[in-house]
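Text of structure.cif, listed as mmCIF, C-alpha atoms, pLDDT in the B column; chains and numbers go by the auth columns:
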data_run
loop_
_atom_site.group_PDB
_atom_site.id
_atom_site.type_symbol
_atom_site.label_atom_id
_atom_site.label_comp_id
_atom_site.label_asym_id
_atom_site.label_seq_id
_atom_site.Cartn_x
_atom_site.Cartn_y
_atom_site.Cartn_z
_atom_site.B_iso_or_equiv
_atom_site.auth_seq_id
_atom_site.auth_asym_id
ATOM 1 C CA MET A 1 0.000 0.000 0.000 96.00 1 A
ATOM 2 C CA LYS A 2 1.358 3.402 -0.941 92.00 2 A
ATOM 3 C CA VAL A 3 0.726 6.093 1.675 95.00 3 A
ATOM 4 C CA ALA A 4 1.187 9.764 0.785 95.00 4 A
ATOM 5 C CA ASP A 5 2.178 12.325 3.404 95.00 5 A
ATOM 6 C CA LEU A 6 0.565 15.607 2.339 94.00 6 A
ATOM 7 C CA ILE A 7 2.671 17.672 4.743 93.00 7 A
ATOM 8 C CA ALA A 8 6.096 16.101 4.207 94.00 8 A
ATOM 9 C CA GLY A 9 5.412 15.841 0.457 94.00 9 A
ATOM 10 C CA ARG A 10 5.169 19.596 -0.057 97.00 10 A
ATOM 11 C CA ARG A 11 7.880 21.087 -2.301 97.00 11 A
ATOM 12 C CA PHE A 12 8.269 24.724 -3.293 98.00 12 A
ATOM 13 C CA ASP A 13 10.304 26.265 -6.104 97.00 13 A
ATOM 14 C CA THR A 14 10.890 30.014 -6.186 96.00 14 A
ATOM 15 C CA ALA A 15 11.046 29.921 -10.007 96.00 15 A
ATOM 16 C CA LYS A 16 7.684 28.225 -10.710 97.00 16 A
ATOM 17 C CA MET A 17 4.756 26.267 -9.282 98.00 17 A
ATOM 18 C CA ALA A 18 5.938 22.862 -8.049 98.00 18 A
ATOM 19 C CA LYS A 19 3.989 19.701 -8.884 97.00 19 A
ATOM 20 C CA VAL A 20 4.502 16.673 -6.643 97.00 20 A
ATOM 21 C CA ASN A 21 2.973 13.429 -7.909 96.00 21 A
ATOM 22 C CA LEU A 22 1.422 11.376 -5.113 97.00 22 A
ATOM 23 C CA PHE A 23 -0.421 8.651 -7.042 96.00 23 A
ATOM 24 C CA GLU A 24 -0.850 7.729 -10.678 95.00 24 A
ATOM 25 C CA THR A 25 -2.809 4.936 -12.330 95.00 25 A
ATOM 26 C CA PRO A 26 -4.115 4.509 -15.875 94.00 26 A
ATOM 27 C CA ARG A 27 -7.431 5.977 -14.624 95.00 27 A
ATOM 28 C CA LEU A 28 -6.361 8.982 -12.507 95.00 28 A
ATOM 29 C CA PHE A 29 -3.568 10.988 -11.014 95.00 29 A
ATOM 30 C CA CYS A 30 -3.257 12.801 -7.707 97.00 30 A
ATOM 31 C CA ASP A 31 -0.720 15.606 -7.259 97.00 31 A
ATOM 32 C CA LEU A 32 0.187 18.331 -4.811 98.00 32 A
ATOM 33 C CA TYR A 33 0.540 21.753 -6.432 98.00 33 A
ATOM 34 C CA CYS A 34 2.684 24.053 -4.298 98.00 34 A
ATOM 35 C CA LEU A 35 2.647 27.761 -5.135 98.00 35 A
ATOM 36 C CA GLU A 36 4.653 30.556 -3.619 98.00 36 A
ATOM 37 C CA PRO A 37 2.953 33.986 -3.430 98.00 37 A
ATOM 38 C CA GLY A 38 2.487 35.378 -6.940 97.00 38 A
ATOM 39 C CA GLN A 39 2.881 32.041 -8.741 98.00 39 A
ATOM 40 C CA SER A 40 0.205 30.594 -10.995 97.00 40 A
ATOM 41 C CA GLN A 41 -0.804 27.720 -13.189 96.00 41 A
ATOM 42 C CA LYS A 42 -1.582 29.173 -16.615 93.00 42 A
ATOM 43 C CA ALA A 43 -5.170 28.604 -17.707 95.00 43 A
ATOM 44 C CA HIS A 44 -5.501 25.595 -19.998 95.00 44 A
ATOM 45 C CA ALA A 45 -8.048 22.890 -20.866 94.00 45 A
ATOM 46 C CA HIS A 46 -8.163 19.100 -21.065 91.00 46 A
ATOM 47 C CA GLU A 47 -10.610 17.384 -23.395 92.00 47 A
ATOM 48 C CA GLY A 48 -12.150 14.295 -21.810 93.00 48 A
ATOM 49 C CA SER A 49 -10.764 14.776 -18.274 95.00 49 A
ATOM 50 C CA ASP A 50 -12.205 16.158 -15.042 96.00 50 A
ATOM 51 C CA LYS A 51 -9.849 17.955 -12.632 97.00 51 A
ATOM 52 C CA VAL A 52 -10.611 18.541 -8.952 98.00 52 A
ATOM 53 C CA TYR A 53 -8.682 21.114 -6.901 98.00 53 A
ATOM 54 C CA VAL A 54 -8.812 20.866 -3.070 98.00 54 A
ATOM 55 C CA VAL A 55 -7.150 23.656 -1.087 98.00 55 A
ATOM 56 C CA ILE A 56 -5.263 22.160 1.841 97.00 56 A
ATOM 57 C CA GLU A 57 -3.197 25.207 2.824 97.00 57 A
ATOM 58 C CA GLY A 58 -3.550 28.919 2.068 98.00 58 A
ATOM 59 C CA GLN A 59 -5.938 30.424 -0.444 97.00 59 A
ATOM 60 C CA GLY A 60 -6.005 30.639 -4.219 98.00 60 A
ATOM 61 C CA ARG A 61 -7.842 32.362 -7.037 98.00 61 A
ATOM 62 C CA PHE A 62 -9.311 29.714 -9.345 98.00 62 A
ATOM 63 C CA GLU A 63 -10.455 30.292 -12.899 98.00 63 A
ATOM 64 C CA ILE A 64 -12.883 27.722 -14.305 97.00 64 A
ATOM 65 C CA GLY A 65 -14.334 28.664 -17.683 96.00 65 A
ATOM 66 C CA GLU A 66 -15.594 32.250 -17.439 96.00 66 A
ATOM 67 C CA GLU A 67 -15.859 32.172 -13.631 97.00 67 A
ATOM 68 C CA THR A 68 -13.296 33.138 -10.995 97.00 68 A
ATOM 69 C CA ALA A 69 -13.482 32.376 -7.267 98.00 69 A
ATOM 70 C CA ASP A 70 -11.176 32.702 -4.266 98.00 70 A
ATOM 71 C CA LEU A 71 -11.025 29.424 -2.344 98.00 71 A
ATOM 72 C CA ALA A 72 -9.557 28.838 1.105 97.00 72 A
ATOM 73 C CA GLN A 73 -8.385 25.813 3.066 97.00 73 A
ATOM 74 C CA GLY A 74 -11.029 23.090 3.059 97.00 74 A
ATOM 75 C CA GLN A 75 -12.733 24.237 -0.161 98.00 75 A
ATOM 76 C CA ALA A 76 -12.747 22.450 -3.514 98.00 76 A
ATOM 77 C CA VAL A 77 -13.763 23.076 -7.118 98.00 77 A
ATOM 78 C CA VAL A 78 -14.066 20.918 -10.244 98.00 78 A
ATOM 79 C CA ALA A 79 -12.984 21.812 -13.779 97.00 79 A
ATOM 80 C CA PRO A 80 -15.136 19.803 -16.216 97.00 80 A
ATOM 81 C CA PRO A 81 -13.673 18.485 -19.480 96.00 81 A
ATOM 82 C CA GLY A 82 -12.948 21.118 -22.099 94.00 82 A
ATOM 83 C CA LEU A 83 -13.228 24.177 -19.808 96.00 83 A
ATOM 84 C CA ARG A 84 -10.168 26.385 -19.357 97.00 84 A
ATOM 85 C CA HIS A 85 -8.924 26.295 -15.782 98.00 85 A
ATOM 86 C CA GLY A 86 -6.012 27.611 -13.762 97.00 86 A
ATOM 87 C CA VAL A 87 -5.039 28.946 -10.348 98.00 87 A
ATOM 88 C CA THR A 88 -3.113 31.921 -8.993 98.00 88 A
ATOM 89 C CA ASN A 89 -1.697 32.435 -5.525 98.00 89 A
ATOM 90 C CA ALA A 90 -2.668 36.103 -5.101 94.00 90 A
ATOM 91 C CA SER A 91 -2.033 35.964 -1.339 96.00 91 A
ATOM 92 C CA ALA A 92 1.091 36.651 0.708 97.00 92 A
ATOM 93 C CA GLU A 93 1.178 33.046 2.013 97.00 93 A
ATOM 94 C CA ARG A 94 2.054 29.736 0.410 98.00 94 A
ATOM 95 C CA LEU A 95 -0.703 27.768 -1.342 98.00 95 A
ATOM 96 C CA VAL A 96 -0.918 23.962 -1.386 98.00 96 A
ATOM 97 C CA ILE A 97 -3.566 22.221 -3.480 98.00 97 A
ATOM 98 C CA LEU A 98 -4.446 18.528 -3.711 98.00 98 A
ATOM 99 C CA VAL A 99 -5.293 17.856 -7.370 98.00 99 A
ATOM 100 C CA PHE A 100 -7.110 14.840 -8.825 97.00 100 A
ATOM 101 C CA MET A 101 -7.555 14.284 -12.555 97.00 101 A
ATOM 102 C CA ALA A 102 -9.432 11.470 -14.248 96.00 102 A
ATOM 103 C CA PRO A 103 -8.606 10.156 -16.677 94.00 103 A
ATOM 104 C CA PRO A 104 -5.058 11.510 -16.953 88.00 104 A
ATOM 105 C CA PRO A 105 -4.349 13.462 -20.146 81.00 105 A
ATOM 106 C CA GLY A 106 -3.646 11.101 -23.007 73.00 106 A
ATOM 107 C CA ASN A 107 -5.514 8.189 -21.353 68.00 107 A
ATOM 108 C CA HIS A 108 -8.973 8.703 -22.876 58.00 108 A
#

Could the structure of this file be written out as structure tokens, please?
Amino acid sequence: MKVADLIAGRRFDTAKMAKVNLFETPRLFCDLYCLEPGQSQKAHAHEGSDKVYVVIEGQGRFEIGEETADLAQGQAVVAPPGLRHGVTNASAERLVILVFMAPPPGNH
């Protein structure tokens, strides 16, 4: 059994958002996205895949399609297939997001 430690697994990079893979199967992946203040994930879309963002530390500004919302620790949002989505850490604190995507890009 693989056990992921969401606290010890955090990694930050001052140059860009850090992605830490926790689990990956042919049907889904689960990553930690770690963003320093001011960092972002550029808006993009995935055909045929759902992506769920769960804020586990800090707060982030999420763009899903034409909508934007600020989410805090304990909140989650889903990006349906084909909709542009991205996140920005507009706060002064670090942001850590648990991300699930199914199926992974290229597996549908």

re atom CA of Glu63 of chain A and atom CA of Gly106 of chain A: distance 22.7 Å

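The spacing separating atom CA of Gln59 of chain A from atom CA of Ala102 of chain A amounts to 23.7 Å.
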
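The environment of Gln41 of chain A within 8 Å, counting all atoms listed in the file and disregarding residues fewer than 2 places along the same chain, consists of Met17, Gln39, Ala43, Gly86, Val87 and Thr88 of chain A.
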
Using the selection just defined, write its residues with C-alpha atoms as a PDB file, keeping the file's coordinate frame.
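Saved result, selection38.pdb, follows:
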ATOM      1  CA  MET A  17       4.756  26.267  -9.282  1.00 98.00           C
ATOM      2  CA  GLN A  39       2.881  32.041  -8.741  1.00 98.00           C
ATOM      3  CA  ALA A  43      -5.170  28.604 -17.707  1.00 95.00           C
ATOM      4  CA  GLY A  86      -6.012  27.611 -13.762  1.00 97.00           C
ATOM      5  CA  VAL A  87      -5.039  28.946 -10.348  1.00 98.00           C
ATOM      6  CA  THR A  88      -3.113  31.921  -8.993  1.00 98.00           C
TER       7      THR A  88
END

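Going from atom CA of Asn21 of chain A over to atom CA of Gly65 of chain A, you cover 25.0 Å.
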
Handout entry: For Gly60 of chain A: contacts at 12 Å, only C-alpha atoms, fewer than 4 positions along chain excluded, given as a ChimeraX atom specification
Key = /A:33-41,53-56,68-77,86-97

Put those residues in a file: C-alpha atoms, as a short mmCIF file (atom, residue, chain, number, x, y, z; two decimals), keeping the file's coordinate frame.
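Output saved as result-v5.cif:
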data_model
loop_
_atom_site.label_atom_id
_atom_site.label_comp_id
_atom_site.auth_asym_id
_atom_site.auth_seq_id
_atom_site.Cartn_x
_atom_site.Cartn_y
_atom_site.Cartn_z
CA TYR A 33 0.54 21.75 -6.43
CA CYS A 34 2.68 24.05 -4.30
CA LEU A 35 2.65 27.76 -5.14
CA GLU A 36 4.65 30.56 -3.62
CA PRO A 37 2.95 33.99 -3.43
CA GLY A 38 2.49 35.38 -6.94
CA GLN A 39 2.88 32.04 -8.74
CA SER A 40 0.20 30.59 -11.00
CA GLN A 41 -0.80 27.72 -13.19
CA TYR A 53 -8.68 21.11 -6.90
CA VAL A 54 -8.81 20.87 -3.07
CA VAL A 55 -7.15 23.66 -1.09
CA ILE A 56 -5.26 22.16 1.84
CA THR A 68 -13.30 33.14 -11.00
CA ALA A 69 -13.48 32.38 -7.27
CA ASP A 70 -11.18 32.70 -4.27
CA LEU A 71 -11.02 29.42 -2.34
CA ALA A 72 -9.56 28.84 1.10
CA GLN A 73 -8.38 25.81 3.07
CA GLY A 74 -11.03 23.09 3.06
CA GLN A 75 -12.73 24.24 -0.16
CA ALA A 76 -12.75 22.45 -3.51
CA VAL A 77 -13.76 23.08 -7.12
CA GLY A 86 -6.01 27.61 -13.76
CA VAL A 87 -5.04 28.95 -10.35
CA THR A 88 -3.11 31.92 -8.99
CA ASN A 89 -1.70 32.44 -5.52
CA ALA A 90 -2.67 36.10 -5.10
CA SER A 91 -2.03 35.96 -1.34
CA ALA A 92 1.09 36.65 0.71
CA GLU A 93 1.18 33.05 2.01
CA ARG A 94 2.05 29.74 0.41
CA LEU A 95 -0.70 27.77 -1.34
CA VAL A 96 -0.92 23.96 -1.39
CA ILE A 97 -3.57 22.22 -3.48
#

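With all atoms listed in the file as the basis for measurement, A:Val78 is the residue among A:Arg61, A:Val78, A:Thr14, A:Phe23 that approaches Ser49 of chain A most closely.
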
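Distance check against Lys16 of chain A using all atoms listed in the file: of A:Gly58, A:Pro103, A:Lys42, A:Leu98, the minimum falls on A:Lys42.
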
Apply the PyMOL selection byres ((chain A and resi 20) around 8) to the file shown and report the selected residues as JSON, numbers by chain. {"A": [9, 10, 11, 18, 19, 21, 22, 31, 32, 33, 34]}

Given 6 Å on each side, where is the centre and what are the edge lengths in Å to one decimal of the axis-aligned box enclosing the listed atoms of segment 42-54 of chain A, as JSON?
{"center_x": -6.9, "center_y": 21.7, "center_z": -13.2, "size_x": 22.6, "size_y": 26.9, "size_z": 32.3}

Review point. Which residues, written as a ChimeraX atom specification, have at least one atom at most 7 Å from Phe100 of chain A, with all atoms listed in the file counted and residues fewer than 3 positions away on the same chain left out?
Key: /A:28-31,51-53

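When the PyMOL selection byres ((chain A and resi 47) around 8) is run on the displayed coordinates, the residues it returns are Ala45, His46, Gly48, Ser49, Pro81 and Gly82 of chain A.
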
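Distances from A:Ala8, A:Pro105, A:Asp50, A:Pro80 to Thr25 of chain A were compared using all atoms listed in the file, and the smallest one belongs to A:Pro105.
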